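To keep things clear, I will list the structure first and then write my remarks on it.
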Amino acid sequence: MINPLPLLGTHDFLFITLDSLRYDVACNALSDGMTPAFAELLPGGQWQKRETAGNFTYSAHHAFFAGFLPTPPGNPRYPRHFAARFAGSETIAEHTIVFDSPDIISGFAGVGYHTACIGGVGFFNKQNPLGSVFPRLFQESHWSEDTGVTSKTSTETQVRIALSILQRLPANQRVFLFINVSATHQPNCIFDPCGSNEDTPATQAHALAYADKHLHHLFQKMRSRASTMVIACSDHGTAYGEDGHFGHRHNHQSVLTVPYTEFILERTAHAEA
């Protein structure tokens, strides 16, 4: 477990949610060599198995943005990296970064970080009050149909926006960057090289492979700019017929069990080469 407290003010933070990604799909794609960027960076060469606090995007991200990240199975009191202060918390530890704010995003902004959101699924689309709840937490937010769930170029568009944000900010400006990767959400069959018109674990794996290819460029850019703490996880999983369940927003284990990782990208001057 990384201690984030001494990193505050010296490191950038990158938080990626791979929307709807199943734990088993992430693990199988890794073992099949489909995600080389993550394979290079995952501690121990594997995803951690965790349980999420929400069974669909809106509830899960509300928890995340208050610091309640996915926890190891059977350990809901696992110490948190980040927290918004409130009395009686049982998950704040010595290493927890505690903000006097309603959410960790405004907490990072309050200590001088530039906060930026690059949305993917509809809860980040800013097209109505509900779709604006999360983007409004950030100082800067982006969404378009090109970053949304029906775009075959969603992740590369999101990464391109992220690179432009990092490029225009001074090198000494610390950043909290959040990306909601939409590619792994339904309809992920659009990434199937065989042209499937039905979502399956296999098509989600192809969507993850597509995202991995483009996230590699973001990891390289972050490395060249500053040392960065990265957290990548799914907000929830997806059922593909297990026990008669499909999709999410229900409490089947295929939905509640998610992949998780955290690692440090050490600054390397020639990382972009």
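Ligands are numbered from 1 in the order shown, chains are lettered A, B, ... in the order of the structure tokens, and residues start at 1 in each chain.
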Compile the contact shell of Ile105 (chain A) as a PDB file with N, CA and C atoms, in the first residue's frame: residues with an atom at most 7 Å away, counting only C-alpha atoms, same-chain residues fewer than 6 positions apart removed.
```
ATOM      1  N   PHE A  65     -15.085   9.839  -4.974  1.00  0.00           N
ATOM      2  CA  PHE A  65     -14.719  11.243  -4.819  1.00  0.00           C
ATOM      3  C   PHE A  65     -14.803  11.716  -3.371  1.00  0.00           C
ATOM      4  N   THR A 115      -7.179  20.676 -10.871  1.00  0.00           N
ATOM      5  CA  THR A 115      -8.005  19.476 -10.983  1.00  0.00           C
ATOM      6  C   THR A 115      -8.708  19.464 -12.332  1.00  0.00           C
ATOM      7  N   LEU A 137     -17.244  19.347  -9.885  1.00  0.00           N
ATOM      8  CA  LEU A 137     -16.295  19.208  -8.785  1.00  0.00           C
ATOM      9  C   LEU A 137     -14.902  19.681  -9.182  1.00  0.00           C
ATOM     10  N   PHE A 138     -14.636  19.700 -10.490  1.00  0.00           N
ATOM     11  CA  PHE A 138     -13.293  19.962 -10.997  1.00  0.00           C
ATOM     12  C   PHE A 138     -13.168  21.402 -11.503  1.00  0.00           C
TER      13      PHE A 138
END
```
Report as CSV the residues of region 9-34 of chain A within 10 Å of region 39-60 of chain A, each with its shortest atom pair and distance in Å (one decimal), using only C-alpha atoms, ordered by chain and increasing residue number.
```
residue,atom,partner,partner_atom,distance
A:Thr17,CA,A:Thr57,CA,9.7
A:Asp19,CA,A:Thr57,CA,7.5
A:Ser20,CA,A:Thr57,CA,7.9
A:Tyr23,CA,A:Lys49,CA,6.8
A:Asp24,CA,A:Lys49,CA,9.2
A:Ala26,CA,A:Trp47,CA,7.4
A:Cys27,CA,A:Trp47,CA,6.5
A:Ala29,CA,A:Ala39,CA,9.9
A:Leu30,CA,A:Ala39,CA,6.5
A:Ser31,CA,A:Gln46,CA,8.8
A:Gly33,CA,A:Ala39,CA,8.0
A:Met34,CA,A:Ala39,CA,8.9
```
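Among the candidates A:Gly122, A:Leu14, A:Lys221, A:Val25, the one nearest to Gly237 (chain A) when counting only C-alpha atoms is A:Val25.
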I'd like to know which of A:Tyr240, A:Tyr78, A:Phe219, A:Phe108 is closest to Gln186 (chain A), using only C-alpha atoms.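 Counting only C-alpha atoms, the residue closest to Gln186 (chain A) is A:Tyr240.
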Pick out the closest residue to Asp199 (chain A) from this set: A:Pro187, A:Pro79, A:Gly107, A:Gly120. Count only C-alpha atoms.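 Looking only at the distances to Asp199 (chain A), the closest residue turns out to be A:Pro187.
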Can you pull out every residue within 6 Å of Cys233 (chain A), counting only C-alpha atoms, but drop anything in the same chain fewer than 4 positions away, and send it as a PDB file with N, CA and C atoms, in the first residue's frame?
```pdb
ATOM      1  N   THR A  17     -10.712   5.536 -13.960  1.00  0.00           N
ATOM      2  CA  THR A  17     -11.718   4.490 -13.787  1.00  0.00           C
ATOM      3  C   THR A  17     -12.014   3.871 -15.144  1.00  0.00           C
ATOM      4  N   LEU A  18     -11.839   2.566 -15.208  1.00  0.00           N
ATOM      5  CA  LEU A  18     -12.116   1.791 -16.417  1.00  0.00           C
ATOM      6  C   LEU A  18     -13.557   1.314 -16.302  1.00  0.00           C
ATOM      7  N   PRO A 259     -11.260  -4.870 -10.636  1.00  0.00           N
ATOM      8  CA  PRO A 259      -9.796  -4.804 -10.638  1.00  0.00           C
ATOM      9  C   PRO A 259      -9.323  -3.456 -10.085  1.00  0.00           C
ATOM     10  N   TYR A 260      -8.175  -3.489  -9.431  1.00  0.00           N
ATOM     11  CA  TYR A 260      -7.624  -2.275  -8.816  1.00  0.00           C
ATOM     12  C   TYR A 260      -6.106  -2.348  -8.870  1.00  0.00           C
TER      13      TYR A 260
END
```
Surrounding residues of Phe68 (chain A) excluding itself and chain neighbours under 5 positions, 8 Å, only C-alpha atoms, as a list in words: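 Skipping anything fewer than 5 positions along the chain leaves Ala53, Ala63, Arg80, Phe82 and Ala83 of chain A.
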File of the preceding selection, N, CA and C atoms, as a CSV table (one decimal), in the first residue's frame:
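out_35.csv written:
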```
chain,number,residue,atom,x,y,z
A,53,ALA,N,-17.8,0.1,-3.8
A,53,ALA,CA,-18.9,0.6,-2.9
A,53,ALA,C,-20.2,0.9,-3.7
A,63,ALA,N,-18.8,7.7,-4.1
A,63,ALA,CA,-18.0,7.1,-3.1
A,63,ALA,C,-16.5,7.4,-3.3
A,80,ARG,N,-8.0,4.3,4.1
A,80,ARG,CA,-8.2,5.1,2.9
A,80,ARG,C,-6.9,5.9,2.6
A,82,PHE,N,-7.3,8.8,0.8
A,82,PHE,CA,-7.8,10.2,0.8
A,82,PHE,C,-9.2,10.2,1.6
A,83,ALA,N,-9.4,11.3,2.2
A,83,ALA,CA,-10.7,11.4,2.9
A,83,ALA,C,-11.1,12.8,3.0
```
In region 33-171 of chain A, DSSP helix (DSSP H, G or I) residues written as a ChimeraX atom specification: /A:36-41,43-45,57-64,104-110,122-124,129-132,135-137,145-147,154-168
Using only C-alpha atoms for the distances, tell me which of A:Gly241, A:Ile231, A:Tyr113, A:Pro193 is nearest to Leu169 (chain A).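 Smallest separation from Leu169 (chain A) among the options: A:Tyr113.
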Could you work out how far CA of Ile104 (chain A) lies from CA of Ala66 (chain A), giving the answer in Å with one decimal? 5.7 Å
According to DSSP computed on the backbone, where in region 24-206 of chain A is there strand (DSSP E or B)? Give the residues as a list in words. Gln48, Lys49, Arg50, Glu51, Thr71, Phe82, Ala83, Ala84, Ile97, Val98, Phe99, His114, Thr115, Ala116, Cys117, Ile118, Glu140, Ser141, His142, Val175, Phe176, Leu177, Phe178, Ile179, Asn180 and Val181 of chain A
Dump as a PDB file, in the first residue's frame, selection limited to N, CA and C atoms:
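out39.pdb written:
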```pdb
ATOM      1  N   GLN A  48      -5.115  -6.225  -8.470  1.00  0.00           N
ATOM      2  CA  GLN A  48      -5.663  -6.580  -7.163  1.00  0.00           C
ATOM      3  C   GLN A  48      -7.166  -6.827  -7.296  1.00  0.00           C
ATOM      4  N   LYS A  49      -7.649  -7.799  -6.549  1.00  0.00           N
ATOM      5  CA  LYS A  49      -9.082  -8.079  -6.489  1.00  0.00           C
ATOM      6  C   LYS A  49      -9.688  -7.229  -5.376  1.00  0.00           C
ATOM      7  N   ARG A  50     -10.683  -6.428  -5.723  1.00  0.00           N
ATOM      8  CA  ARG A  50     -11.304  -5.549  -4.727  1.00  0.00           C
ATOM      9  C   ARG A  50     -12.820  -5.545  -4.883  1.00  0.00           C
ATOM     10  N   GLU A  51     -13.479  -4.951  -3.883  1.00  0.00           N
ATOM     11  CA  GLU A  51     -14.931  -4.803  -3.897  1.00  0.00           C
ATOM     12  C   GLU A  51     -15.274  -3.321  -3.943  1.00  0.00           C
ATOM     13  N   THR A  71     -12.194  -1.737  -1.879  1.00  0.00           N
ATOM     14  CA  THR A  71     -11.467  -2.318  -0.753  1.00  0.00           C
ATOM     15  C   THR A  71     -11.210  -3.811  -0.968  1.00  0.00           C
ATOM     16  N   PHE A  82      -7.300   8.817   0.793  1.00  0.00           N
ATOM     17  CA  PHE A  82      -7.823  10.189   0.826  1.00  0.00           C
ATOM     18  C   PHE A  82      -9.159  10.188   1.553  1.00  0.00           C
ATOM     19  N   ALA A  83      -9.444  11.293   2.215  1.00  0.00           N
ATOM     20  CA  ALA A  83     -10.719  11.374   2.926  1.00  0.00           C
ATOM     21  C   ALA A  83     -11.147  12.827   3.038  1.00  0.00           C
ATOM     22  N   ALA A  84     -12.461  13.033   3.027  1.00  0.00           N
ATOM     23  CA  ALA A  84     -13.055  14.301   3.430  1.00  0.00           C
ATOM     24  C   ALA A  84     -13.418  14.153   4.905  1.00  0.00           C
ATOM     25  N   ILE A  97      -4.542  11.201   3.567  1.00  0.00           N
ATOM     26  CA  ILE A  97      -4.624  12.640   3.313  1.00  0.00           C
ATOM     27  C   ILE A  97      -6.050  13.064   3.607  1.00  0.00           C
ATOM     28  N   VAL A  98      -6.226  13.874   4.626  1.00  0.00           N
ATOM     29  CA  VAL A  98      -7.561  14.286   5.058  1.00  0.00           C
ATOM     30  C   VAL A  98      -7.785  15.748   4.680  1.00  0.00           C
ATOM     31  N   PHE A  99      -8.856  15.998   3.946  1.00  0.00           N
ATOM     32  CA  PHE A  99      -9.186  17.346   3.510  1.00  0.00           C
ATOM     33  C   PHE A  99     -10.384  17.881   4.287  1.00  0.00           C
ATOM     34  N   HIS A 114      -4.125  21.663  -9.700  1.00  0.00           N
ATOM     35  CA  HIS A 114      -5.087  21.909 -10.775  1.00  0.00           C
ATOM     36  C   HIS A 114      -5.864  20.623 -10.990  1.00  0.00           C
ATOM     37  N   THR A 115      -7.179  20.676 -10.871  1.00  0.00           N
ATOM     38  CA  THR A 115      -8.005  19.476 -10.983  1.00  0.00           C
ATOM     39  C   THR A 115      -8.708  19.464 -12.332  1.00  0.00           C
ATOM     40  N   ALA A 116      -8.613  18.334 -13.022  1.00  0.00           N
ATOM     41  CA  ALA A 116      -9.183  18.221 -14.363  1.00  0.00           C
ATOM     42  C   ALA A 116      -9.876  16.879 -14.517  1.00  0.00           C
ATOM     43  N   CYS A 117     -11.030  16.905 -15.161  1.00  0.00           N
ATOM     44  CA  CYS A 117     -11.853  15.713 -15.404  1.00  0.00           C
ATOM     45  C   CYS A 117     -12.042  15.535 -16.902  1.00  0.00           C
ATOM     46  N   ILE A 118     -11.781  14.327 -17.376  1.00  0.00           N
ATOM     47  CA  ILE A 118     -12.070  13.983 -18.767  1.00  0.00           C
ATOM     48  C   ILE A 118     -13.094  12.860 -18.730  1.00  0.00           C
ATOM     49  N   GLU A 140     -11.582  22.109 -14.150  1.00  0.00           N
ATOM     50  CA  GLU A 140     -11.638  21.985 -15.609  1.00  0.00           C
ATOM     51  C   GLU A 140     -12.249  20.634 -15.948  1.00  0.00           C
ATOM     52  N   SER A 141     -13.184  20.614 -16.896  1.00  0.00           N
ATOM     53  CA  SER A 141     -13.814  19.347 -17.260  1.00  0.00           C
ATOM     54  C   SER A 141     -14.073  19.302 -18.757  1.00  0.00           C
ATOM     55  N   HIS A 142     -14.031  18.077 -19.292  1.00  0.00           N
ATOM     56  CA  HIS A 142     -14.191  17.872 -20.727  1.00  0.00           C
ATOM     57  C   HIS A 142     -15.092  16.662 -20.974  1.00  0.00           C
ATOM     58  N   VAL A 175      -0.887  18.517 -10.492  1.00  0.00           N
ATOM     59  CA  VAL A 175      -2.137  18.181 -11.176  1.00  0.00           C
ATOM     60  C   VAL A 175      -2.797  16.977 -10.519  1.00  0.00           C
ATOM     61  N   PHE A 176      -4.123  17.069 -10.365  1.00  0.00           N
ATOM     62  CA  PHE A 176      -4.954  15.898 -10.076  1.00  0.00           C
ATOM     63  C   PHE A 176      -5.806  15.686 -11.309  1.00  0.00           C
ATOM     64  N   LEU A 177      -5.487  14.638 -12.066  1.00  0.00           N
ATOM     65  CA  LEU A 177      -6.156  14.362 -13.338  1.00  0.00           C
ATOM     66  C   LEU A 177      -7.005  13.106 -13.202  1.00  0.00           C
ATOM     67  N   PHE A 178      -8.266  13.228 -13.579  1.00  0.00           N
ATOM     68  CA  PHE A 178      -9.202  12.097 -13.533  1.00  0.00           C
ATOM     69  C   PHE A 178      -9.712  11.799 -14.932  1.00  0.00           C
ATOM     70  N   ILE A 179      -9.710  10.513 -15.293  1.00  0.00           N
ATOM     71  CA  ILE A 179     -10.260  10.073 -16.581  1.00  0.00           C
ATOM     72  C   ILE A 179     -11.214   8.916 -16.341  1.00  0.00           C
ATOM     73  N   ASN A 180     -12.433   9.063 -16.845  1.00  0.00           N
ATOM     74  CA  ASN A 180     -13.403   7.968 -16.848  1.00  0.00           C
ATOM     75  C   ASN A 180     -13.373   7.324 -18.232  1.00  0.00           C
ATOM     76  N   VAL A 181     -12.684   6.189 -18.345  1.00  0.00           N
ATOM     77  CA  VAL A 181     -12.531   5.507 -19.634  1.00  0.00           C
ATOM     78  C   VAL A 181     -13.848   4.835 -20.005  1.00  0.00           C
TER      79      VAL A 181
END
```
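For the pair CA of Leu265 (chain A) and CA of Met222 (chain A), the interatomic distance is 7.5 Å.
Distance-wise, CA of Thr153 (chain A) and CA of Leu130 (chain A) end up 24.8 Å apart.
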Give me, as a list in words, all polymer residues having an atom no more than 12 Å from Pro6 (chain A), counting only C-alpha atoms and skipping those fewer than 5 positions away in the same chain.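 So, after excluding close chain neighbours, the residues are His11, His81, Glu94, His95, Thr96, Ile97 and Met229 of chain A.
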For the residues selected in the previous step, produce a file with N, CA and C atoms as a CSV table (one decimal), in the first residue's frame.
```
chain,number,residue,atom,x,y,z
A,11,HIS,N,4.1,15.4,-6.0
A,11,HIS,CA,3.7,14.4,-7.0
A,11,HIS,C,2.4,14.9,-7.7
A,81,HIS,N,-6.7,6.2,1.3
A,81,HIS,CA,-5.6,7.1,0.9
A,81,HIS,C,-6.1,8.5,1.1
A,94,GLU,N,-3.0,6.9,9.7
A,94,GLU,CA,-1.9,7.9,9.8
A,94,GLU,C,-1.5,8.4,8.4
A,95,HIS,N,-1.6,7.5,7.4
A,95,HIS,CA,-1.1,7.9,6.1
A,95,HIS,C,-2.2,8.6,5.3
A,96,THR,N,-3.4,8.7,5.8
A,96,THR,CA,-4.5,9.2,5.0
A,96,THR,C,-4.4,10.7,4.8
A,97,ILE,N,-4.5,11.2,3.6
A,97,ILE,CA,-4.6,12.6,3.3
A,97,ILE,C,-6.0,13.1,3.6
A,229,MET,N,1.5,9.6,-8.7
A,229,MET,CA,0.8,8.4,-8.1
A,229,MET,C,-0.4,8.1,-9.0
```
Mind checking which residues fall within 10 Å of region 242-245 of chain A, counting only C-alpha atoms, ignoring those fewer than 6 positions away in the same chain, and posting them as a list in words?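 The residues satisfying every condition are Asn251, His252, Gln253, Ser254 and Val255 of chain A.
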Same residues, N, CA and C atoms, output as a PDB file, in the first residue's frame:
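again36.pdb written:
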```
ATOM      1  N   ASN A 251     -26.469  -6.400  -7.329  1.00  0.00           N
ATOM      2  CA  ASN A 251     -25.359  -6.755  -6.457  1.00  0.00           C
ATOM      3  C   ASN A 251     -24.803  -8.160  -6.692  1.00  0.00           C
ATOM      4  N   HIS A 252     -24.726  -8.561  -7.924  1.00  0.00           N
ATOM      5  CA  HIS A 252     -24.070  -9.825  -8.252  1.00  0.00           C
ATOM      6  C   HIS A 252     -22.560  -9.647  -8.132  1.00  0.00           C
ATOM      7  N   GLN A 253     -21.853 -10.725  -7.813  1.00  0.00           N
ATOM      8  CA  GLN A 253     -20.406 -10.623  -7.621  1.00  0.00           C
ATOM      9  C   GLN A 253     -19.676 -10.180  -8.882  1.00  0.00           C
ATOM     10  N   SER A 254     -20.223 -10.458 -10.047  1.00  0.00           N
ATOM     11  CA  SER A 254     -19.601  -9.995 -11.287  1.00  0.00           C
ATOM     12  C   SER A 254     -19.622  -8.472 -11.388  1.00  0.00           C
ATOM     13  N   VAL A 255     -20.516  -7.850 -10.641  1.00  0.00           N
ATOM     14  CA  VAL A 255     -20.631  -6.393 -10.626  1.00  0.00           C
ATOM     15  C   VAL A 255     -19.837  -5.781  -9.477  1.00  0.00           C
TER      16      VAL A 255
END
```
List the spatial neighbours of Ala202 (chain A) as a list of chain:residue names - criterion: any atom at most 9 Å away, only C-alpha atoms, same-chain residues fewer than 2 positions off excluded.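 Residues meeting the cut-off are A:Val25, A:Ala29, A:Cys189, A:Asp192, A:Asp199, A:Thr200, A:Gln204, A:Ala205, A:His206, A:Ala207.
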What does the file look like for those residues with N, CA and C atoms, as a PDB file, in the first residue's frame?
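Wrote it out as part-v4.pdb, contents follow:
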```pdb
ATOM      1  N   VAL A  25     -12.119 -10.227 -16.518  1.00  0.00           N
ATOM      2  CA  VAL A  25     -11.739  -9.772 -17.859  1.00  0.00           C
ATOM      3  C   VAL A  25     -10.378  -9.095 -17.821  1.00  0.00           C
ATOM      4  N   ALA A  29      -7.189 -10.642 -19.793  1.00  0.00           N
ATOM      5  CA  ALA A  29      -6.543  -9.826 -20.817  1.00  0.00           C
ATOM      6  C   ALA A  29      -5.066  -9.643 -20.500  1.00  0.00           C
ATOM      7  N   CYS A 189     -18.649  -3.992 -27.801  1.00  0.00           N
ATOM      8  CA  CYS A 189     -18.503  -4.833 -28.998  1.00  0.00           C
ATOM      9  C   CYS A 189     -17.970  -4.044 -30.188  1.00  0.00           C
ATOM     10  N   ASP A 192     -14.485  -5.039 -31.072  1.00  0.00           N
ATOM     11  CA  ASP A 192     -14.208  -6.419 -31.436  1.00  0.00           C
ATOM     12  C   ASP A 192     -13.680  -6.489 -32.867  1.00  0.00           C
ATOM     13  N   ASP A 199     -22.179  -7.603 -26.780  1.00  0.00           N
ATOM     14  CA  ASP A 199     -21.160  -7.458 -25.744  1.00  0.00           C
ATOM     15  C   ASP A 199     -20.951  -8.774 -25.014  1.00  0.00           C
ATOM     16  N   THR A 200     -19.689  -9.122 -24.795  1.00  0.00           N
ATOM     17  CA  THR A 200     -19.299 -10.327 -24.079  1.00  0.00           C
ATOM     18  C   THR A 200     -18.023 -10.029 -23.303  1.00  0.00           C
ATOM     19  N   GLN A 204     -15.217  -7.029 -24.206  1.00  0.00           N
ATOM     20  CA  GLN A 204     -14.731  -6.083 -23.208  1.00  0.00           C
ATOM     21  C   GLN A 204     -13.208  -6.149 -23.105  1.00  0.00           C
ATOM     22  N   ALA A 205     -12.649  -7.345 -23.247  1.00  0.00           N
ATOM     23  CA  ALA A 205     -11.200  -7.491 -23.240  1.00  0.00           C
ATOM     24  C   ALA A 205     -10.565  -6.738 -24.406  1.00  0.00           C
ATOM     25  N   HIS A 206     -11.186  -6.801 -25.575  1.00  0.00           N
ATOM     26  CA  HIS A 206     -10.669  -6.050 -26.724  1.00  0.00           C
ATOM     27  C   HIS A 206     -10.768  -4.541 -26.481  1.00  0.00           C
ATOM     28  N   ALA A 207     -11.836  -4.109 -25.822  1.00  0.00           N
ATOM     29  CA  ALA A 207     -11.968  -2.686 -25.492  1.00  0.00           C
ATOM     30  C   ALA A 207     -10.872  -2.263 -24.522  1.00  0.00           C
TER      31      ALA A 207
END
```
